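Trainee: Got a file for you: input08.cif, mmCIF, C-alpha atoms.
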```cif
data_work
#
loop_
_atom_site.group_PDB
_atom_site.id
_atom_site.type_symbol
_atom_site.label_atom_id
_atom_site.label_comp_id
_atom_site.auth_asym_id
_atom_site.auth_seq_id
_atom_site.Cartn_x
_atom_site.Cartn_y
_atom_site.Cartn_z
ATOM 1 C CA MET F 1 108.441 88.860 114.845
ATOM 2 C CA THR F 2 111.083 91.424 115.738
ATOM 3 C CA ALA F 3 113.360 92.807 113.057
ATOM 4 C CA THR F 4 117.052 92.189 113.375
ATOM 5 C CA SER F 5 119.678 94.839 112.821
ATOM 6 C CA THR F 6 120.199 93.534 109.264
ATOM 7 C CA ASP F 7 116.582 94.091 108.212
ATOM 8 C CA ARG F 8 116.070 97.462 109.895
ATOM 9 C CA PRO F 9 115.070 100.234 107.535
ATOM 10 C CA GLY F 10 117.813 102.814 107.142
ATOM 11 C CA GLU F 11 118.659 105.930 105.207
ATOM 12 C CA ASP F 12 116.888 106.279 101.843
ATOM 13 C CA ASP F 13 114.370 103.519 102.708
ATOM 14 C CA ALA F 14 110.674 104.404 102.738
ATOM 15 C CA PHE F 15 109.362 104.998 106.245
ATOM 16 C CA PRO F 16 106.723 102.320 107.069
ATOM 17 C CA ALA F 17 103.089 103.407 106.694
ATOM 18 C CA HIS F 18 101.747 102.198 110.044
ATOM 19 C CA SER F 19 98.919 104.065 111.737
ATOM 20 C CA LEU F 20 99.383 105.210 115.339
ATOM 21 C CA GLU F 21 96.690 106.116 117.876
ATOM 22 C CA THR F 22 96.646 109.675 119.229
ATOM 23 C CA PRO F 23 95.479 110.646 122.721
ATOM 24 C CA ASP F 24 92.385 112.368 121.272
ATOM 25 C CA GLY F 25 91.144 109.077 119.794
ATOM 26 C CA GLY F 26 92.368 109.831 116.277
ATOM 27 C CA SER F 27 95.240 108.373 114.332
ATOM 28 C CA VAL F 28 98.386 109.571 112.611
ATOM 29 C CA SER F 29 100.757 108.037 110.069
ATOM 30 C CA ILE F 30 103.714 109.190 108.003
ATOM 31 C CA ALA F 31 101.312 110.008 105.153
ATOM 32 C CA ASP F 32 99.922 112.842 107.288
ATOM 33 C CA PHE F 33 103.290 114.594 106.970
ATOM 34 C CA ALA F 34 103.657 114.212 103.184
ATOM 35 C CA GLY F 35 105.296 117.196 101.554
ATOM 36 C CA ARG F 36 107.320 118.243 104.585
ATOM 37 C CA PRO F 37 110.071 116.723 106.711
ATOM 38 C CA ALA F 38 109.119 114.926 109.903
ATOM 39 C CA VAL F 39 110.939 113.851 113.052
ATOM 40 C CA LEU F 40 109.605 110.805 114.870
ATOM 41 C CA PHE F 41 111.325 110.053 118.138
ATOM 42 C CA PHE F 42 110.649 106.709 119.794
ATOM 43 C CA TYR F 43 111.087 106.410 123.543
ATOM 44 C CA PRO F 44 110.589 103.574 126.052
ATOM 45 C CA LYS F 45 108.084 104.850 128.633
ATOM 46 C CA ASP F 46 106.076 107.908 129.660
ATOM 47 C CA ASN F 47 107.090 109.689 132.883
ATOM 48 C CA THR F 48 110.480 108.045 133.271
ATOM 49 C CA PRO F 49 113.530 110.293 133.778
ATOM 50 C CA GLY F 50 115.233 109.922 130.374
ATOM 51 C CA CYS F 51 111.990 109.969 128.420
ATOM 52 C CA THR F 52 110.758 113.014 130.318
ATOM 53 C CA SER F 53 114.012 114.884 129.618
ATOM 54 C CA GLU F 54 113.842 113.993 125.936
ATOM 55 C CA ALA F 55 110.185 115.020 125.598
ATOM 56 C CA LYS F 56 110.835 118.304 127.433
ATOM 57 C CA ASP F 57 113.833 119.040 125.189
ATOM 58 C CA PHE F 58 111.758 118.483 122.042
ATOM 59 C CA SER F 59 108.916 120.557 123.556
ATOM 60 C CA ALA F 60 111.306 123.444 124.211
ATOM 61 C CA LEU F 61 112.431 123.354 120.567
ATOM 62 C CA LYS F 62 108.978 122.790 119.050
ATOM 63 C CA PRO F 63 108.616 126.456 117.972
ATOM 64 C CA ASP F 64 111.897 126.101 116.044
ATOM 65 C CA PHE F 65 110.718 122.872 114.371
ATOM 66 C CA ASP F 66 107.400 124.580 113.525
ATOM 67 C CA LYS F 67 109.154 127.649 112.097
ATOM 68 C CA ALA F 68 111.278 125.382 109.881
ATOM 69 C CA GLY F 69 108.159 123.490 108.688
ATOM 70 C CA ILE F 70 109.220 120.225 110.307
ATOM 71 C CA ALA F 71 106.589 117.939 111.830
ATOM 72 C CA LEU F 72 107.425 116.440 115.217
ATOM 73 C CA LEU F 73 105.972 113.323 116.866
ATOM 74 C CA GLY F 74 106.911 111.309 119.959
ATOM 75 C CA VAL F 75 106.006 107.607 119.933
ATOM 76 C CA SER F 76 105.952 104.868 122.571
ATOM 77 C CA LYS F 77 103.964 101.715 123.302
ATOM 78 C CA ASP F 78 102.191 103.477 126.187
ATOM 79 C CA PRO F 79 98.404 103.759 125.770
ATOM 80 C CA PRO F 80 96.800 107.087 124.795
ATOM 81 C CA LYS F 81 95.571 107.679 128.375
ATOM 82 C CA SER F 82 99.142 107.471 129.623
ATOM 83 C CA HIS F 83 100.208 109.995 126.964
ATOM 84 C CA LEU F 84 97.524 112.423 128.141
ATOM 85 C CA LYS F 85 98.777 112.206 131.721
ATOM 86 C CA PHE F 86 102.383 112.576 130.537
ATOM 87 C CA ILE F 87 101.537 115.682 128.488
ATOM 88 C CA GLU F 88 99.626 117.268 131.372
ATOM 89 C CA LYS F 89 102.082 116.384 134.134
ATOM 90 C CA GLN F 90 105.151 117.549 132.188
ATOM 91 C CA ALA F 91 103.481 120.482 130.323
ATOM 92 C CA LEU F 92 104.594 119.023 126.992
ATOM 93 C CA THR F 93 103.838 120.866 123.756
ATOM 94 C CA ILE F 94 104.749 118.050 121.381
ATOM 95 C CA PRO F 95 102.235 115.583 119.980
ATOM 96 C CA LEU F 96 102.499 111.976 121.152
ATOM 97 C CA ALA F 97 101.150 108.786 119.609
ATOM 98 C CA SER F 98 100.774 105.176 120.726
ATOM 99 C CA ASP F 99 102.209 102.290 118.779
ATOM 100 C CA THR F 100 100.396 98.957 118.845
ATOM 101 C CA ALA F 101 100.550 97.435 122.309
ATOM 102 C CA PRO F 102 103.015 94.539 122.538
ATOM 103 C CA ASP F 103 100.332 92.186 123.875
ATOM 104 C CA SER F 104 97.868 92.986 121.057
ATOM 105 C CA GLY F 105 99.075 90.158 118.839
ATOM 106 C CA THR F 106 99.788 92.647 116.052
ATOM 107 C CA ASP F 107 103.195 93.988 115.130
ATOM 108 C CA GLY F 108 103.401 97.747 115.265
ATOM 109 C CA LEU F 109 105.631 100.420 113.833
ATOM 110 C CA ALA F 110 108.436 99.725 116.343
ATOM 111 C CA GLU F 111 108.592 96.120 115.140
ATOM 112 C CA ALA F 112 108.626 97.250 111.486
ATOM 113 C CA LEU F 113 111.516 99.581 112.283
ATOM 114 C CA GLY F 114 113.432 96.940 114.249
ATOM 115 C CA ILE F 115 113.465 99.011 117.437
ATOM 116 C CA TRP F 116 111.282 96.736 119.605
ATOM 117 C CA THR F 117 114.209 94.719 120.900
ATOM 118 C CA GLU F 118 115.352 92.449 123.672
ATOM 119 C CA LYS F 119 116.760 94.416 126.583
ATOM 120 C CA SER F 120 118.138 93.441 129.936
ATOM 121 C CA MET F 121 118.179 95.097 133.327
ATOM 122 C CA TYR F 122 119.239 93.678 136.672
ATOM 123 C CA GLY F 123 119.687 90.247 135.085
ATOM 124 C CA ARG F 124 116.165 90.183 133.652
ATOM 125 C CA THR F 125 115.559 90.161 129.896
ATOM 126 C CA TYR F 126 112.458 91.690 128.379
ATOM 127 C CA MET F 127 111.235 93.306 125.166
ATOM 128 C CA GLY F 128 111.370 97.087 125.040
ATOM 129 C CA MET F 129 111.673 100.167 122.864
ATOM 130 C CA GLU F 130 115.154 101.168 121.756
ATOM 131 C CA ARG F 131 115.360 104.963 122.040
ATOM 132 C CA THR F 132 115.625 105.924 118.363
ATOM 133 C CA THR F 133 114.877 109.001 116.267
ATOM 134 C CA PHE F 134 114.032 109.080 112.566
ATOM 135 C CA LEU F 135 114.276 112.115 110.311
ATOM 136 C CA VAL F 136 112.005 111.561 107.328
ATOM 137 C CA ASN F 137 112.227 113.762 104.248
ATOM 138 C CA ALA F 138 109.264 115.390 102.482
ATOM 139 C CA ASP F 139 108.982 112.372 100.158
ATOM 140 C CA GLY F 140 108.588 109.891 103.044
ATOM 141 C CA ALA F 141 112.085 108.413 102.853
ATOM 142 C CA ILE F 142 114.307 108.090 105.904
ATOM 143 C CA ALA F 143 116.953 110.817 105.737
ATOM 144 C CA GLN F 144 118.762 110.038 109.000
ATOM 145 C CA VAL F 145 118.506 107.632 111.943
ATOM 146 C CA TRP F 146 119.819 108.080 115.471
ATOM 147 C CA ARG F 147 119.917 104.719 117.289
ATOM 148 C CA LYS F 148 120.421 104.124 121.020
ATOM 149 C CA VAL F 149 120.035 107.856 121.608
ATOM 150 C CA LYS F 150 121.724 109.643 124.475
ATOM 151 C CA VAL F 151 119.240 112.330 125.524
ATOM 152 C CA LYS F 152 121.500 115.268 126.388
ATOM 153 C CA GLY F 153 121.757 117.577 123.359
ATOM 154 C CA HIS F 154 119.883 115.161 121.103
ATOM 155 C CA ALA F 155 116.845 117.343 120.302
ATOM 156 C CA GLN F 156 119.105 120.228 119.238
ATOM 157 C CA ALA F 157 121.197 117.920 117.016
ATOM 158 C CA VAL F 158 118.022 116.596 115.376
ATOM 159 C CA LEU F 159 116.751 120.137 114.788
ATOM 160 C CA GLU F 160 120.002 121.122 113.063
ATOM 161 C CA ALA F 161 119.935 118.008 110.852
ATOM 162 C CA ALA F 162 116.272 118.587 109.990
ATOM 163 C CA LYS F 163 116.928 122.217 109.058
ATOM 164 C CA ALA F 164 119.783 121.081 106.810
ATOM 165 C CA LEU F 165 117.319 119.028 104.729
ATOM 166 C CA GLY F 166 116.168 122.359 103.309
#
```
If you convert what's in this file into structure tokens, what do you get?
Mentor:
Amino acid sequence: MTATSTDRPGEDDAFPAHSLETPDGGSVSIADFAGRPAVLFFYPKDNTPGCTSEAKDFSALKPDFDKAGIALLGVSKDPPKSHLKFIEKQALTIPLASDTAPDSGTDGLAEALGIWTEKSMYGRTYMGMERTTFLVNADGAIAQVWRKVKVKGHAQAVLEAAKALG
């Protein structure tokens, strides 16, 4: 089941506690960031132009996020192997994680957040990731959401908002 816009978690809601697979075979969830703010940016597909630009922008600002004590994580439905290739090919410094594959029969974090949605391109409809970023406060509640993100300048705007959390 895919969440509709009316049942999407928003500001002040608890961020869902789904576990995501990391490229090293481990896992990560929002609980791993308890006690500090976290930014989770969701993107459609590894090695595509917009997603590459976004990941490179966040990578360039990672030292600033680190200095401010803000965790950073990129998430897509791509498998861990794809993330490894993406990281290597693009020289990314940000951690990436894989949400549950859409054909697994299990809803993942994107479904819980209402960002696995119907899209259309060239007259064809399909399910895909809505480019969305979540800023989660140190207590695990959503502090801010950016939906249908435009990549240019986005990482910097997220950094400023995250720093403002204090």
Trainee: Can you list, as a short mmCIF file (atom, residue, chain, number, x, y, z; two decimals) with C-alpha atoms, in the coordinates of the input, every protein, DNA or RNA residue that comes within 12 Å of Leu84 of chain F when you count only C-alpha atoms, leaving out same-chain residues fewer than 5 positions away?
Mentor:
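What landed in result_24.cif:
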```cif
data_model
loop_
_atom_site.label_atom_id
_atom_site.label_comp_id
_atom_site.auth_asym_id
_atom_site.auth_seq_id
_atom_site.Cartn_x
_atom_site.Cartn_y
_atom_site.Cartn_z
CA THR F 22 96.65 109.68 119.23
CA PRO F 23 95.48 110.65 122.72
CA ASP F 24 92.38 112.37 121.27
CA GLY F 25 91.14 109.08 119.79
CA ASP F 46 106.08 107.91 129.66
CA ASN F 47 107.09 109.69 132.88
CA ASP F 78 102.19 103.48 126.19
CA PRO F 79 98.40 103.76 125.77
CA LYS F 89 102.08 116.38 134.13
CA GLN F 90 105.15 117.55 132.19
CA ALA F 91 103.48 120.48 130.32
CA LEU F 92 104.59 119.02 126.99
CA THR F 93 103.84 120.87 123.76
CA ILE F 94 104.75 118.05 121.38
CA PRO F 95 102.24 115.58 119.98
CA LEU F 96 102.50 111.98 121.15
CA ALA F 97 101.15 108.79 119.61
CA SER F 98 100.77 105.18 120.73
#
```
Trainee: Pick out the closest residue to Gly35 of chain F from this set: F:Gly123, F:Gly140, F:Gly128, F:Pro9. Count only C-alpha atoms.
Mentor: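 Once distances to Gly35 of chain F are computed over only C-alpha atoms, the minimum belongs to F:Gly140.
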Trainee: Set the distance at 7 Å and use all atoms listed in the file: which residues neighbour Val136 of chain F once local chain neighbours fewer than 3 positions away are removed? I'd like the list as a PDB file with C-alpha atoms, in the frame of the given file.
Mentor:
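Below is the file that was written, selection27.pdb:
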```pdb
ATOM      1  CA  PRO F  37     110.071 116.723 106.711  1.00  0.00           C
ATOM      2  CA  ALA F  38     109.119 114.926 109.903  1.00  0.00           C
ATOM      3  CA  VAL F  39     110.939 113.851 113.052  1.00  0.00           C
ATOM      4  CA  GLY F 140     108.588 109.891 103.044  1.00  0.00           C
ATOM      5  CA  ALA F 141     112.085 108.413 102.853  1.00  0.00           C
ATOM      6  CA  ILE F 142     114.307 108.090 105.904  1.00  0.00           C
ATOM      7  CA  ALA F 143     116.953 110.817 105.737  1.00  0.00           C
TER       8      ALA F 143
END
```
Trainee: Just to confirm, what's the straight-line distance from atom CA of Lys62 of chain F to atom CA of Thr100 of chain F in Å (one decimal)?
Mentor: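 It comes out at 25.3 Å.
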Trainee: Got a sec: who's within 8 Å of Ala55 of chain F, counting all atoms listed in the file, leaving out chain neighbours fewer than 3 positions off, as number ranges by chain?
Mentor: F: 51-52, 58-59, 74, 92, 94
Trainee: Please save C-alpha atoms of the selected residues as a PDB file, keeping the file's coordinate frame.
Mentor:
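The new file part_6.pdb reads:
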```
ATOM      1  CA  CYS F  51     111.990 109.969 128.420  1.00  0.00           C
ATOM      2  CA  THR F  52     110.758 113.014 130.318  1.00  0.00           C
ATOM      3  CA  PHE F  58     111.758 118.483 122.042  1.00  0.00           C
ATOM      4  CA  SER F  59     108.916 120.557 123.556  1.00  0.00           C
ATOM      5  CA  GLY F  74     106.911 111.309 119.959  1.00  0.00           C
ATOM      6  CA  LEU F  92     104.594 119.023 126.992  1.00  0.00           C
ATOM      7  CA  ILE F  94     104.749 118.050 121.381  1.00  0.00           C
TER       8      ILE F  94
END
```
Trainee: Identify which of the residues F:His83, F:Lys45, F:Arg8, F:Arg36 lies closest to Glu21 of chain F, counting all atoms listed in the file when measuring atom-to-atom distances.
Mentor: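 Smallest distance to Glu21 of chain F is found for F:His83.
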Trainee: Taking the file as shown, what set of residues would the PyMOL selection byres ((chain F and resi 129-132) around 12) give back, as an mmCIF file with C-alpha atoms, in the coordinates of the input?
Mentor:
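The resulting file, expr_7.cif, is shown below:
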```
data_model
loop_
_atom_site.group_PDB
_atom_site.id
_atom_site.type_symbol
_atom_site.label_atom_id
_atom_site.label_comp_id
_atom_site.auth_asym_id
_atom_site.auth_seq_id
_atom_site.Cartn_x
_atom_site.Cartn_y
_atom_site.Cartn_z
ATOM 1 C CA THR F 2 111.083 91.424 115.738
ATOM 2 C CA SER F 5 119.678 94.839 112.821
ATOM 3 C CA ARG F 8 116.070 97.462 109.895
ATOM 4 C CA GLY F 10 117.813 102.814 107.142
ATOM 5 C CA VAL F 39 110.939 113.851 113.052
ATOM 6 C CA LEU F 40 109.605 110.805 114.870
ATOM 7 C CA PHE F 41 111.325 110.053 118.138
ATOM 8 C CA PHE F 42 110.649 106.709 119.794
ATOM 9 C CA TYR F 43 111.087 106.410 123.543
ATOM 10 C CA PRO F 44 110.589 103.574 126.052
ATOM 11 C CA LYS F 45 108.084 104.850 128.633
ATOM 12 C CA ASP F 46 106.076 107.908 129.660
ATOM 13 C CA GLY F 50 115.233 109.922 130.374
ATOM 14 C CA CYS F 51 111.990 109.969 128.420
ATOM 15 C CA GLU F 54 113.842 113.993 125.936
ATOM 16 C CA ALA F 55 110.185 115.020 125.598
ATOM 17 C CA GLY F 74 106.911 111.309 119.959
ATOM 18 C CA VAL F 75 106.006 107.607 119.933
ATOM 19 C CA SER F 76 105.952 104.868 122.571
ATOM 20 C CA LYS F 77 103.964 101.715 123.302
ATOM 21 C CA ASP F 78 102.191 103.477 126.187
ATOM 22 C CA ASP F 99 102.209 102.290 118.779
ATOM 23 C CA ALA F 101 100.550 97.435 122.309
ATOM 24 C CA PRO F 102 103.015 94.539 122.538
ATOM 25 C CA GLY F 108 103.401 97.747 115.265
ATOM 26 C CA LEU F 109 105.631 100.420 113.833
ATOM 27 C CA ALA F 110 108.436 99.725 116.343
ATOM 28 C CA GLU F 111 108.592 96.120 115.140
ATOM 29 C CA LEU F 113 111.516 99.581 112.283
ATOM 30 C CA GLY F 114 113.432 96.940 114.249
ATOM 31 C CA ILE F 115 113.465 99.011 117.437
ATOM 32 C CA TRP F 116 111.282 96.736 119.605
ATOM 33 C CA THR F 117 114.209 94.719 120.900
ATOM 34 C CA GLU F 118 115.352 92.449 123.672
ATOM 35 C CA LYS F 119 116.760 94.416 126.583
ATOM 36 C CA SER F 120 118.138 93.441 129.936
ATOM 37 C CA TYR F 126 112.458 91.690 128.379
ATOM 38 C CA MET F 127 111.235 93.306 125.166
ATOM 39 C CA GLY F 128 111.370 97.087 125.040
ATOM 40 C CA THR F 133 114.877 109.001 116.267
ATOM 41 C CA PHE F 134 114.032 109.080 112.566
ATOM 42 C CA LEU F 135 114.276 112.115 110.311
ATOM 43 C CA GLN F 144 118.762 110.038 109.000
ATOM 44 C CA VAL F 145 118.506 107.632 111.943
ATOM 45 C CA TRP F 146 119.819 108.080 115.471
ATOM 46 C CA ARG F 147 119.917 104.719 117.289
ATOM 47 C CA LYS F 148 120.421 104.124 121.020
ATOM 48 C CA VAL F 149 120.035 107.856 121.608
ATOM 49 C CA LYS F 150 121.724 109.643 124.475
ATOM 50 C CA VAL F 151 119.240 112.330 125.524
ATOM 51 C CA HIS F 154 119.883 115.161 121.103
ATOM 52 C CA ALA F 155 116.845 117.343 120.302
ATOM 53 C CA VAL F 158 118.022 116.596 115.376
#
```
Trainee: Please fill the gaps in segment 24-45 of chain F so it has N, CA and C atoms, and write that as a PDB file, in the coordinates of the input.
Mentor:
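Result file is part-v1.pdb:
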```pdb
ATOM      1  N   ASP F  24      93.747 111.862 121.479  1.00  0.00           N
ATOM      2  CA  ASP F  24      92.385 112.368 121.272  1.00  0.00           C
ATOM      3  C   ASP F  24      91.464 111.355 120.598  1.00  0.00           C
ATOM      4  N   GLY F  25      91.955 110.128 120.406  1.00  0.00           N
ATOM      5  CA  GLY F  25      91.144 109.077 119.794  1.00  0.00           C
ATOM      6  C   GLY F  25      91.305 108.993 118.291  1.00  0.00           C
ATOM      7  N   GLY F  26      92.113 109.856 117.714  1.00  0.00           N
ATOM      8  CA  GLY F  26      92.368 109.831 116.277  1.00  0.00           C
ATOM      9  C   GLY F  26      93.546 108.945 115.943  1.00  0.00           C
ATOM     10  N   SER F  27      94.070 109.132 114.742  1.00  0.00           N
ATOM     11  CA  SER F  27      95.240 108.373 114.332  1.00  0.00           C
ATOM     12  C   SER F  27      96.152 109.271 113.500  1.00  0.00           C
ATOM     13  N   VAL F  28      97.389 108.839 113.378  1.00  0.00           N
ATOM     14  CA  VAL F  28      98.386 109.571 112.611  1.00  0.00           C
ATOM     15  C   VAL F  28      99.313 108.552 111.952  1.00  0.00           C
ATOM     16  N   SER F  29      99.770 108.877 110.752  1.00  0.00           N
ATOM     17  CA  SER F  29     100.757 108.037 110.069  1.00  0.00           C
ATOM     18  C   SER F  29     101.698 108.960 109.297  1.00  0.00           C
ATOM     19  N   ILE F  30     102.733 108.394 108.735  1.00  0.00           N
ATOM     20  CA  ILE F  30     103.714 109.190 108.003  1.00  0.00           C
ATOM     21  C   ILE F  30     103.057 109.911 106.829  1.00  0.00           C
ATOM     22  N   ALA F  31     102.003 109.363 106.276  1.00  0.00           N
ATOM     23  CA  ALA F  31     101.312 110.008 105.153  1.00  0.00           C
ATOM     24  C   ALA F  31     100.746 111.374 105.545  1.00  0.00           C
ATOM     25  N   ASP F  32     100.442 111.554 106.820  1.00  0.00           N
ATOM     26  CA  ASP F  32      99.922 112.842 107.288  1.00  0.00           C
ATOM     27  C   ASP F  32     100.950 113.960 107.194  1.00  0.00           C
ATOM     28  N   PHE F  33     102.222 113.605 107.038  1.00  0.00           N
ATOM     29  CA  PHE F  33     103.290 114.594 106.970  1.00  0.00           C
ATOM     30  C   PHE F  33     103.839 114.753 105.553  1.00  0.00           C
ATOM     31  N   ALA F  34     103.176 114.158 104.566  1.00  0.00           N
ATOM     32  CA  ALA F  34     103.657 114.212 103.184  1.00  0.00           C
ATOM     33  C   ALA F  34     103.883 115.662 102.756  1.00  0.00           C
ATOM     34  N   GLY F  35     104.987 115.874 102.062  1.00  0.00           N
ATOM     35  CA  GLY F  35     105.296 117.196 101.554  1.00  0.00           C
ATOM     36  C   GLY F  35     106.142 118.043 102.484  1.00  0.00           C
ATOM     37  N   ARG F  36     106.426 117.524 103.678  1.00  0.00           N
ATOM     38  CA  ARG F  36     107.320 118.243 104.585  1.00  0.00           C
ATOM     39  C   ARG F  36     108.106 117.231 105.408  1.00  0.00           C
ATOM     40  N   PRO F  37     109.281 117.636 105.884  1.00  0.00           N
ATOM     41  CA  PRO F  37     110.071 116.723 106.711  1.00  0.00           C
ATOM     42  C   PRO F  37     109.365 116.446 108.043  1.00  0.00           C
ATOM     43  N   ALA F  38     109.692 115.305 108.610  1.00  0.00           N
ATOM     44  CA  ALA F  38     109.119 114.926 109.903  1.00  0.00           C
ATOM     45  C   ALA F  38     110.188 114.266 110.762  1.00  0.00           C
ATOM     46  N   VAL F  39     110.080 114.502 112.068  1.00  0.00           N
ATOM     47  CA  VAL F  39     110.939 113.851 113.052  1.00  0.00           C
ATOM     48  C   VAL F  39     110.040 112.997 113.931  1.00  0.00           C
ATOM     49  N   LEU F  40     110.323 111.716 113.989  1.00  0.00           N
ATOM     50  CA  LEU F  40     109.605 110.805 114.870  1.00  0.00           C
ATOM     51  C   LEU F  40     110.619 110.252 115.855  1.00  0.00           C
ATOM     52  N   PHE F  41     110.401 110.577 117.130  1.00  0.00           N
ATOM     53  CA  PHE F  41     111.325 110.053 118.138  1.00  0.00           C
ATOM     54  C   PHE F  41     110.580 109.012 118.970  1.00  0.00           C
ATOM     55  N   PHE F  42     111.205 107.856 119.088  1.00  0.00           N
ATOM     56  CA  PHE F  42     110.649 106.709 119.794  1.00  0.00           C
ATOM     57  C   PHE F  42     111.339 106.601 121.143  1.00  0.00           C
ATOM     58  N   TYR F  43     110.543 106.450 122.184  1.00  0.00           N
ATOM     59  CA  TYR F  43     111.087 106.410 123.543  1.00  0.00           C
ATOM     60  C   TYR F  43     110.421 105.278 124.312  1.00  0.00           C
ATOM     61  N   PRO F  44     111.097 104.750 125.342  1.00  0.00           N
ATOM     62  CA  PRO F  44     110.589 103.574 126.052  1.00  0.00           C
ATOM     63  C   PRO F  44     109.309 103.762 126.864  1.00  0.00           C
ATOM     64  N   LYS F  45     109.210 104.814 127.694  1.00  0.00           N
ATOM     65  CA  LYS F  45     108.084 104.850 128.633  1.00  0.00           C
ATOM     66  C   LYS F  45     107.797 106.263 129.119  1.00  0.00           C
TER      67      LYS F  45
END
```
